[in-house]
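Okay, final14.pdb is below, PDB, C-alpha atoms, pLDDT in the B column:
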MODEL        1
ATOM      1  CA  MET I   1     132.872  51.117   6.771  1.00 49.00           C
ATOM      2  CA  ARG I   2     132.065  53.917   9.242  1.00 52.00           C
ATOM      3  CA  ARG I   3     128.751  52.262  10.064  1.00 50.00           C
ATOM      4  CA  ILE I   4     130.549  48.986  10.842  1.00 45.00           C
ATOM      5  CA  ARG I   5     133.044  50.783  13.108  1.00 49.00           C
ATOM      6  CA  ARG I   6     130.240  52.630  14.882  1.00 47.00           C
ATOM      7  CA  LEU I   7     128.276  49.380  15.321  1.00 40.00           C
ATOM      8  CA  PHE I   8     131.416  47.671  16.647  1.00 41.00           C
ATOM      9  CA  SER I   9     131.935  50.538  19.139  1.00 42.00           C
ATOM     10  CA  TYR I  10     128.340  50.230  20.355  1.00 39.00           C
ATOM     11  CA  LEU I  11     128.728  46.477  20.783  1.00 36.00           C
ATOM     12  CA  LEU I  12     131.975  46.964  22.707  1.00 37.00           C
ATOM     13  CA  VAL I  13     130.327  49.467  25.074  1.00 37.00           C
ATOM     14  CA  LEU I  14     127.326  47.154  25.508  1.00 36.00           C
ATOM     15  CA  VAL I  15     129.541  44.133  26.335  1.00 37.00           C
ATOM     16  CA  THR I  16     131.538  46.244  28.802  1.00 37.00           C
ATOM     17  CA  LEU I  17     128.373  47.446  30.536  1.00 37.00           C
ATOM     18  CA  MET I  18     127.008  43.912  30.689  1.00 40.00           C
ATOM     19  CA  SER I  19     130.233  42.590  32.210  1.00 42.00           C
ATOM     20  CA  CYS I  20     130.171  45.389  34.814  1.00 45.00           C
ATOM     21  CA  ALA I  21     126.580  44.572  35.657  1.00 45.00           C
ATOM     22  CA  GLY I  22     127.498  40.905  35.988  1.00 46.00           C
ATOM     23  CA  THR I  23     130.388  41.720  38.307  1.00 46.00           C
ATOM     24  CA  ARG I  24     128.227  44.008  40.417  1.00 44.00           C
ATOM     25  CA  SER I  25     125.548  41.353  40.873  1.00 45.00           C
ATOM     26  CA  ALA I  26     128.186  38.753  41.860  1.00 56.00           C
ATOM     27  CA  ILE I  27     129.370  40.889  44.798  1.00 66.00           C
ATOM     28  CA  GLU I  28     127.364  40.126  47.894  1.00 72.00           C
ATOM     29  CA  PRO I  29     125.959  43.172  49.675  1.00 81.00           C
ATOM     30  CA  PRO I  30     127.216  43.677  53.242  1.00 83.00           C
ATOM     31  CA  THR I  31     125.049  42.101  55.907  1.00 83.00           C
ATOM     32  CA  LEU I  32     124.922  42.251  59.694  1.00 87.00           C
ATOM     33  CA  GLN I  33     126.658  39.221  61.154  1.00 84.00           C
ATOM     34  CA  ARG I  34     126.277  38.709  64.894  1.00 89.00           C
ATOM     35  CA  PHE I  35     128.541  36.840  67.298  1.00 90.00           C
ATOM     36  CA  GLN I  36     128.114  36.206  71.005  1.00 90.00           C
ATOM     37  CA  SER I  37     130.472  35.198  73.809  1.00 87.00           C
ATOM     38  CA  TYR I  38     130.636  35.364  77.585  1.00 88.00           C
ATOM     39  CA  THR I  39     133.308  37.401  79.339  1.00 84.00           C
ATOM     40  CA  MET I  40     133.734  39.840  82.236  1.00 80.00           C
ATOM     41  CA  GLY I  41     130.723  38.297  83.955  1.00 81.00           C
ATOM     42  CA  THR I  42     128.347  39.193  81.139  1.00 87.00           C
ATOM     43  CA  THR I  43     127.313  38.357  77.583  1.00 91.00           C
ATOM     44  CA  VAL I  44     129.183  40.178  74.822  1.00 90.00           C
ATOM     45  CA  HIS I  45     127.548  40.733  71.421  1.00 91.00           C
ATOM     46  CA  ILE I  46     129.738  41.684  68.459  1.00 92.00           C
ATOM     47  CA  THR I  47     128.013  42.772  65.238  1.00 91.00           C
ATOM     48  CA  VAL I  48     130.078  42.957  62.048  1.00 92.00           C
ATOM     49  CA  VAL I  49     128.858  44.525  58.781  1.00 90.00           C
ATOM     50  CA  GLU I  50     130.507  42.244  56.237  1.00 88.00           C
ATOM     51  CA  SER I  51     129.358  40.148  53.261  1.00 88.00           C
ATOM     52  CA  ASP I  52     132.115  37.544  53.742  1.00 89.00           C
ATOM     53  CA  THR I  53     131.101  35.241  56.596  1.00 89.00           C
ATOM     54  CA  MET I  54     134.664  34.035  57.214  1.00 92.00           C
ATOM     55  CA  GLU I  55     136.010  37.587  57.333  1.00 92.00           C
ATOM     56  CA  ALA I  56     133.235  38.584  59.730  1.00 90.00           C
ATOM     57  CA  ALA I  57     134.104  35.632  61.977  1.00 90.00           C
ATOM     58  CA  ARG I  58     137.792  36.614  61.877  1.00 92.00           C
ATOM     59  CA  LEU I  59     137.004  40.189  62.914  1.00 92.00           C
ATOM     60  CA  ALA I  60     134.669  38.990  65.658  1.00 91.00           C
ATOM     61  CA  GLN I  61     137.445  36.721  66.935  1.00 93.00           C
ATOM     62  CA  VAL I  62     139.838  39.694  67.057  1.00 94.00           C
ATOM     63  CA  GLY I  63     137.255  41.638  69.065  1.00 93.00           C
ATOM     64  CA  GLY I  64     136.616  38.658  71.324  1.00 93.00           C
ATOM     65  CA  GLU I  65     140.333  38.256  72.004  1.00 94.00           C
ATOM     66  CA  ALA I  66     140.542  41.925  73.016  1.00 95.00           C
ATOM     67  CA  PHE I  67     137.681  41.415  75.480  1.00 94.00           C
ATOM     68  CA  ALA I  68     139.341  38.258  76.819  1.00 94.00           C
ATOM     69  CA  PHE I  69     142.582  40.164  77.398  1.00 96.00           C
ATOM     70  CA  VAL I  70     140.804  42.907  79.354  1.00 96.00           C
ATOM     71  CA  ASP I  71     138.995  40.169  81.292  1.00 95.00           C
ATOM     72  CA  SER I  72     142.339  38.563  82.198  1.00 96.00           C
ATOM     73  CA  LEU I  73     143.418  41.877  83.698  1.00 97.00           C
ATOM     74  CA  MET I  74     140.307  43.390  85.253  1.00 96.00           C
ATOM     75  CA  SER I  75     137.714  40.711  85.956  1.00 93.00           C
ATOM     76  CA  ASN I  76     136.364  40.026  89.432  1.00 89.00           C
ATOM     77  CA  TRP I  77     134.855  36.800  88.135  1.00 87.00           C
ATOM     78  CA  THR I  78     138.145  34.904  88.216  1.00 88.00           C
ATOM     79  CA  THR I  79     140.857  34.422  90.843  1.00 92.00           C
ATOM     80  CA  THR I  80     143.649  34.687  88.266  1.00 95.00           C
ATOM     81  CA  SER I  81     143.103  38.243  86.975  1.00 96.00           C
ATOM     82  CA  GLU I  82     145.408  41.153  87.734  1.00 97.00           C
ATOM     83  CA  VAL I  83     142.662  42.789  89.821  1.00 97.00           C
ATOM     84  CA  ALA I  84     142.255  39.578  91.850  1.00 96.00           C
ATOM     85  CA  ARG I  85     146.006  39.635  92.561  1.00 97.00           C
ATOM     86  CA  ILE I  86     145.814  43.300  93.556  1.00 97.00           C
ATOM     87  CA  ASN I  87     142.899  42.610  95.900  1.00 96.00           C
ATOM     88  CA  ARG I  88     144.886  39.814  97.570  1.00 96.00           C
ATOM     89  CA  GLU I  89     148.193  41.654  97.937  1.00 96.00           C
ATOM     90  CA  ALA I  90     147.829  45.460  97.831  1.00 94.00           C
ATOM     91  CA  GLY I  91     146.727  45.675 101.459  1.00 92.00           C
ATOM     92  CA  SER I  92     150.140  44.536 102.666  1.00 93.00           C
ATOM     93  CA  LYS I  93     152.596  45.967 100.115  1.00 96.00           C
ATOM     94  CA  THR I  94     153.029  48.309  97.168  1.00 97.00           C
ATOM     95  CA  LEU I  95     152.534  46.495  93.880  1.00 97.00           C
ATOM     96  CA  SER I  96     153.673  47.153  90.345  1.00 98.00           C
ATOM     97  CA  ILE I  97     150.546  46.883  88.224  1.00 98.00           C
ATOM     98  CA  HIS I  98     149.883  46.302  84.534  1.00 98.00           C
ATOM     99  CA  PRO I  99     150.006  49.532  82.464  1.00 98.00           C
ATOM    100  CA  GLU I 100     146.425  49.115  81.229  1.00 98.00           C
ATOM    101  CA  VAL I 101     145.096  48.506  84.741  1.00 98.00           C
ATOM    102  CA  SER I 102     146.957  51.627  85.848  1.00 98.00           C
ATOM    103  CA  GLU I 103     145.460  53.623  82.955  1.00 98.00           C
ATOM    104  CA  VAL I 104     141.899  52.489  83.739  1.00 98.00           C
ATOM    105  CA  LEU I 105     142.392  53.067  87.460  1.00 98.00           C
ATOM    106  CA  HIS I 106     143.696  56.586  86.817  1.00 98.00           C
ATOM    107  CA  PHE I 107     140.613  57.375  84.732  1.00 97.00           C
ATOM    108  CA  ALA I 108     138.375  55.790  87.399  1.00 97.00           C
ATOM    109  CA  THR I 109     139.776  58.105  90.069  1.00 96.00           C
ATOM    110  CA  GLN I 110     139.044  61.088  87.814  1.00 96.00           C
ATOM    111  CA  VAL I 111     135.444  59.885  87.378  1.00 97.00           C
ATOM    112  CA  HIS I 112     135.241  59.385  91.162  1.00 96.00           C
ATOM    113  CA  ALA I 113     136.232  63.016  91.698  1.00 95.00           C
ATOM    114  CA  ALA I 114     133.949  64.344  88.932  1.00 97.00           C
ATOM    115  CA  SER I 115     130.963  62.410  90.336  1.00 97.00           C
ATOM    116  CA  ASN I 116     131.598  63.582  93.923  1.00 96.00           C
ATOM    117  CA  GLY I 117     132.288  59.985  94.929  1.00 94.00           C
ATOM    118  CA  ALA I 118     129.191  58.445  93.309  1.00 95.00           C
ATOM    119  CA  PHE I 119     131.416  56.275  91.107  1.00 96.00           C
ATOM    120  CA  ASP I 120     133.836  54.263  93.231  1.00 97.00           C
ATOM    121  CA  VAL I 121     135.891  51.240  92.168  1.00 97.00           C
ATOM    122  CA  THR I 122     136.432  50.166  95.795  1.00 97.00           C
ATOM    123  CA  VAL I 123     132.792  49.054  95.971  1.00 96.00           C
ATOM    124  CA  GLU I 124     133.695  45.331  95.765  1.00 95.00           C
ATOM    125  CA  PRO I 125     132.942  44.538  99.461  1.00 94.00           C
ATOM    126  CA  LEU I 126     129.468  46.043  99.043  1.00 94.00           C
ATOM    127  CA  VAL I 127     128.853  44.130  95.794  1.00 92.00           C
ATOM    128  CA  ARG I 128     129.926  40.948  97.591  1.00 92.00           C
ATOM    129  CA  LEU I 129     127.725  41.742 100.615  1.00 94.00           C
ATOM    130  CA  TRP I 130     124.661  42.026  98.368  1.00 94.00           C
ATOM    131  CA  GLY I 131     125.491  38.594  96.893  1.00 92.00           C
ATOM    132  CA  PHE I 132     126.075  39.725  93.328  1.00 88.00           C
ATOM    133  CA  LEU I 133     129.502  38.090  92.987  1.00 83.00           C
ATOM    134  CA  ASP I 134     128.342  34.609  93.972  1.00 82.00           C
ATOM    135  CA  GLY I 135     125.088  34.846  92.025  1.00 82.00           C
ATOM    136  CA  LYS I 136     122.904  34.783  95.150  1.00 88.00           C
ATOM    137  CA  PRO I 137     121.524  38.324  95.518  1.00 91.00           C
ATOM    138  CA  LYS I 138     120.118  39.196  98.920  1.00 93.00           C
ATOM    139  CA  VAL I 139     119.244  42.284 100.955  1.00 95.00           C
ATOM    140  CA  PRO I 140     121.807  42.558 103.765  1.00 93.00           C
ATOM    141  CA  GLU I 141     121.162  43.808 107.286  1.00 94.00           C
ATOM    142  CA  ALA I 142     121.439  47.591 107.696  1.00 93.00           C
ATOM    143  CA  GLY I 143     124.261  47.173 110.222  1.00 94.00           C
ATOM    144  CA  ALA I 144     126.270  45.062 107.771  1.00 94.00           C
ATOM    145  CA  ILE I 145     125.840  47.731 105.094  1.00 95.00           C
ATOM    146  CA  GLU I 146     127.090  50.467 107.443  1.00 94.00           C
ATOM    147  CA  GLU I 147     130.071  48.358 108.480  1.00 93.00           C
ATOM    148  CA  THR I 148     130.947  47.603 104.858  1.00 93.00           C
ATOM    149  CA  LEU I 149     130.625  51.245 103.777  1.00 93.00           C
ATOM    150  CA  ALA I 150     133.373  52.079 106.273  1.00 90.00           C
ATOM    151  CA  ARG I 151     135.732  49.899 104.193  1.00 89.00           C
ATOM    152  CA  ILE I 152     135.012  51.660 100.902  1.00 94.00           C
ATOM    153  CA  GLY I 153     136.571  54.754  99.393  1.00 95.00           C
ATOM    154  CA  SER I 154     138.792  55.573  96.420  1.00 95.00           C
ATOM    155  CA  GLN I 155     140.596  58.062  98.665  1.00 95.00           C
ATOM    156  CA  TYR I 156     142.291  55.006 100.230  1.00 96.00           C
ATOM    157  CA  LEU I 157     143.883  53.956  96.944  1.00 97.00           C
ATOM    158  CA  ARG I 158     147.603  54.797  96.875  1.00 97.00           C
ATOM    159  CA  HIS I 159     147.996  54.837  93.113  1.00 98.00           C
ATOM    160  CA  ASP I 160     150.953  56.343  91.286  1.00 98.00           C
ATOM    161  CA  PRO I 161     150.026  56.429  87.570  1.00 97.00           C
ATOM    162  CA  GLU I 162     153.551  57.468  86.562  1.00 97.00           C
ATOM    163  CA  ALA I 163     155.287  54.627  88.401  1.00 98.00           C
ATOM    164  CA  ARG I 164     152.303  52.303  87.850  1.00 98.00           C
ATOM    165  CA  THR I 165     152.237  51.233  91.466  1.00 98.00           C
ATOM    166  CA  LEU I 166     149.349  50.681  93.855  1.00 98.00           C
ATOM    167  CA  SER I 167     148.727  49.915  97.505  1.00 97.00           C
ATOM    168  CA  PHE I 168     145.662  50.100  99.754  1.00 97.00           C
ATOM    169  CA  GLY I 169     145.606  52.617 102.583  1.00 95.00           C
ATOM    170  CA  ILE I 170     143.239  50.589 104.792  1.00 93.00           C
ATOM    171  CA  PRO I 171     142.833  46.847 105.461  1.00 89.00           C
ATOM    172  CA  ASN I 172     140.240  44.845 103.517  1.00 90.00           C
ATOM    173  CA  LEU I 173     139.915  47.401 100.714  1.00 95.00           C
ATOM    174  CA  ARG I 174     138.927  45.691  97.464  1.00 96.00           C
ATOM    175  CA  MET I 175     138.512  46.922  93.881  1.00 97.00           C
ATOM    176  CA  ASP I 176     135.828  46.083  91.345  1.00 96.00           C
ATOM    177  CA  LEU I 177     136.556  47.637  87.942  1.00 96.00           C
ATOM    178  CA  GLY I 178     133.391  46.198  86.370  1.00 92.00           C
ATOM    179  CA  GLY I 179     131.744  49.608  86.123  1.00 93.00           C
ATOM    180  CA  ILE I 180     134.511  50.937  83.890  1.00 96.00           C
ATOM    181  CA  ALA I 181     136.399  47.916  82.511  1.00 95.00           C
ATOM    182  CA  LYS I 182     133.547  46.839  80.242  1.00 93.00           C
ATOM    183  CA  GLY I 183     133.606  50.197  78.462  1.00 94.00           C
ATOM    184  CA  TYR I 184     137.371  49.940  78.198  1.00 96.00           C
ATOM    185  CA  GLY I 185     136.928  46.457  76.720  1.00 94.00           C
ATOM    186  CA  VAL I 186     134.552  47.836  74.075  1.00 94.00           C
ATOM    187  CA  ASP I 187     137.080  50.546  73.138  1.00 95.00           C
ATOM    188  CA  ARG I 188     139.911  48.013  72.964  1.00 95.00           C
ATOM    189  CA  ALA I 189     137.865  45.551  70.884  1.00 93.00           C
ATOM    190  CA  TRP I 190     136.803  48.317  68.478  1.00 93.00           C
ATOM    191  CA  SER I 191     140.409  49.486  68.033  1.00 95.00           C
ATOM    192  CA  ALA I 192     141.642  45.929  67.462  1.00 94.00           C
ATOM    193  CA  MET I 193     138.938  45.190  64.889  1.00 93.00           C
ATOM    194  CA  GLU I 194     139.545  48.498  63.115  1.00 92.00           C
ATOM    195  CA  ALA I 195     143.279  47.738  62.926  1.00 94.00           C
ATOM    196  CA  HIS I 196     142.502  44.352  61.336  1.00 88.00           C
ATOM    197  CA  GLY I 197     140.225  45.715  58.626  1.00 76.00           C
TER     198      GLY I 197
ENDMDL
END

Go through the file and emit its structure as structure tokens.
Amino acid sequence: MRRIRRLFSYLLVLVTLMSCAGTRSAIEPPTLQRFQSYTMGTTVHITVVESDTMEAARLAQVGGEAFAFVDSLMSNWTTTSEVARINREAGSKTLSIHPEVSEVLHFATQVHAASNGAFDVTVEPLVRLWGFLDGKPKVPEAGAIEETLARIGSQYLRHDPEARTLSFGIPNLRMDLGGIAKGYGVDRAWSAMEAHG
């Protein structure tokens, strides 16, 4: 009788181990799944480590939507973004600006100070002069560069991060947040994807 019980116990353990092994082999190992889109004037690649293709696509969509939102605020590649509105209107009046634009702009002015002016979000007229915004790069005349440099400088931004207001201290000042907004977009996309699993 004891031998039968012992044999039954062994069989039970063996069946349990076999069922565990079967379950383990049925679970797909995580794989790298890559997604690509175009936003903020550049190509965005999102890589998700996930065995479920549909779940990976869902997470990539969440990340893509975060990038699209930042693009709607900070892109210079569209006339409908918040930055485009600021560039049109801030030379003539003080504007209330979106909280996230204000946050990025506040950080940009800190980077401007820390880099002794090497990083400057008011570089848009120079970027335009070199033809990068219209996709026709060219080397401008030296005189045109000097004239344009006179219209650049973060010191002319009248930004109040507490009130979230902004105006330009000189005519024809223009912002281009491309040098900092893309990194902000990555952070926002990462946070959104992390929050969704």

> Using all atoms listed in the file, which of I:Gly153, I:Pro140, I:Gly185, I:Gly178 sits nearest Val83 of chain I?
Replying inline: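 Ranking I:Gly153, I:Pro140, I:Gly185, I:Gly178 by distance to Val83 of chain I, first place goes to I:Gly178.
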
>> So the first atom is atom CA of Thr79 of chain I and the second is atom CA of Gly131 of chain I; what is the distance between them in Å, to one decimal place?
In response: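 Computed distance, atom CA of Thr79 of chain I to atom CA of Gly131 of chain I, equals 17.0 Å.
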
> For Asp176 of chain I, which of I:Val101, I:Ala150, I:Val121, I:Ile86 is the closest residue, counting all atoms listed in the file?
Replying inline: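 Once distances to Asp176 of chain I are computed over all atoms listed in the file, the minimum belongs to I:Val121.
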
> Taking (152.4, 45.3, 78.2) in the file's coordinates, which residues come within 12 Å, counting all atoms listed in the file, written as a PyMOL selection string?
Replying inline: chain I and resi 69-70+73+97-103+164

Edge lengths and centre in Å to one decimal, as lines of an AutoDock Vina configuration file, is what I'm after for the box along x, y and z that holds all listed atoms of segment 138-145 of chain I once 3 Å is added on each side.
center_x = 122.8
center_y = 43.5
center_z = 104.6
size_x = 13.0
size_y = 14.5
size_z = 17.3

> In Å, with one decimal, what is the gap from atom CA of Asp160 of chain I to atom CA of Leu129 of chain I?
Replying inline: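 Straight-line distance from atom CA of Asp160 of chain I to atom CA of Leu129 of chain I works out to 29.0 Å.
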
>> On this structure, the PyMOL selection byres ((chain I and resi 167) around 8) would catch which residues? List them as a ChimeraX atom specification, sorted by chain and number.
In response: /I:90-95,157-159,165-166,168-169

> Please, which residues are within 12 Å of (134.2, 49.0, 68.8) by the file's coordinates, counting only C-alpha atoms, and could they come as number ranges by chain?
Replying inline: I: 44-48, 59-60, 62-64, 66-67, 182-195

>> Would you compute the distance between atom CA of Leu32 of chain I and atom CA of Val49 of chain I? Give it in Å to one decimal.
In response: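 About the pair atom CA of Leu32 of chain I and atom CA of Val49 of chain I: they are 4.6 Å apart.
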
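Using all atoms listed in the file, the protein and nucleic acid residues lying no more than 9 Å from Gly41 of chain I, apart from those fewer than 6 places from it along its own chain, are Asp71, Ser75, Asn76, Trp77 and Gly178 of chain I.
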
Please produce segment 42-61 of chain I, completed to N, CA and C atoms, as a short mmCIF file (atom, residue, chain, number, x, y, z; two decimals), in the frame of the given file.
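And here is the file that came out, result08.cif:
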data_model
loop_
_atom_site.label_atom_id
_atom_site.label_comp_id
_atom_site.auth_asym_id
_atom_site.auth_seq_id
_atom_site.Cartn_x
_atom_site.Cartn_y
_atom_site.Cartn_z
N THR I 42 129.54 38.81 81.90
CA THR I 42 128.35 39.19 81.14
C THR I 42 128.43 38.65 79.71
N THR I 43 127.35 38.79 78.98
CA THR I 43 127.31 38.36 77.58
C THR I 43 127.77 39.51 76.69
N VAL I 44 128.66 39.19 75.76
CA VAL I 44 129.18 40.18 74.82
C VAL I 44 128.62 39.86 73.44
N HIS I 45 128.05 40.87 72.79
CA HIS I 45 127.55 40.73 71.42
C HIS I 45 128.42 41.58 70.50
N ILE I 46 128.95 40.96 69.46
CA ILE I 46 129.74 41.68 68.46
C ILE I 46 128.99 41.59 67.13
N THR I 47 128.70 42.73 66.53
CA THR I 47 128.01 42.77 65.24
C THR I 47 128.98 43.32 64.20
N VAL I 48 129.16 42.57 63.12
CA VAL I 48 130.08 42.96 62.05
C VAL I 48 129.27 43.16 60.77
N VAL I 49 129.49 44.28 60.08
CA VAL I 49 128.86 44.52 58.78
C VAL I 49 129.83 44.05 57.71
N GLU I 50 129.56 42.87 57.16
CA GLU I 50 130.51 42.24 56.24
C GLU I 50 129.78 41.18 55.42
N SER I 51 130.01 41.15 54.11
CA SER I 51 129.36 40.15 53.26
C SER I 51 130.04 38.79 53.37
N ASP I 52 131.34 38.78 53.65
CA ASP I 52 132.12 37.54 53.74
C ASP I 52 132.00 36.98 55.16
N THR I 53 131.34 35.84 55.28
CA THR I 53 131.10 35.24 56.60
C THR I 53 132.40 34.91 57.32
N MET I 54 133.39 34.40 56.58
CA MET I 54 134.66 34.03 57.21
C MET I 54 135.41 35.27 57.71
N GLU I 55 135.36 36.34 56.92
CA GLU I 55 136.01 37.59 57.33
C GLU I 55 135.31 38.17 58.55
N ALA I 56 133.99 38.10 58.57
CA ALA I 56 133.24 38.58 59.73
C ALA I 56 133.61 37.80 60.98
N ALA I 57 133.73 36.48 60.84
CA ALA I 57 134.10 35.63 61.98
C ALA I 57 135.51 35.97 62.46
N ARG I 58 136.41 36.25 61.50
CA ARG I 58 137.79 36.61 61.88
C ARG I 58 137.81 37.92 62.67
N LEU I 59 137.06 38.91 62.21
CA LEU I 59 137.00 40.19 62.91
C LEU I 59 136.37 40.04 64.29
N ALA I 60 135.31 39.23 64.36
CA ALA I 60 134.67 38.99 65.66
C ALA I 60 135.63 38.30 66.62
N GLN I 61 136.46 37.40 66.09
CA GLN I 61 137.44 36.72 66.94
C GLN I 61 138.47 37.72 67.47
#
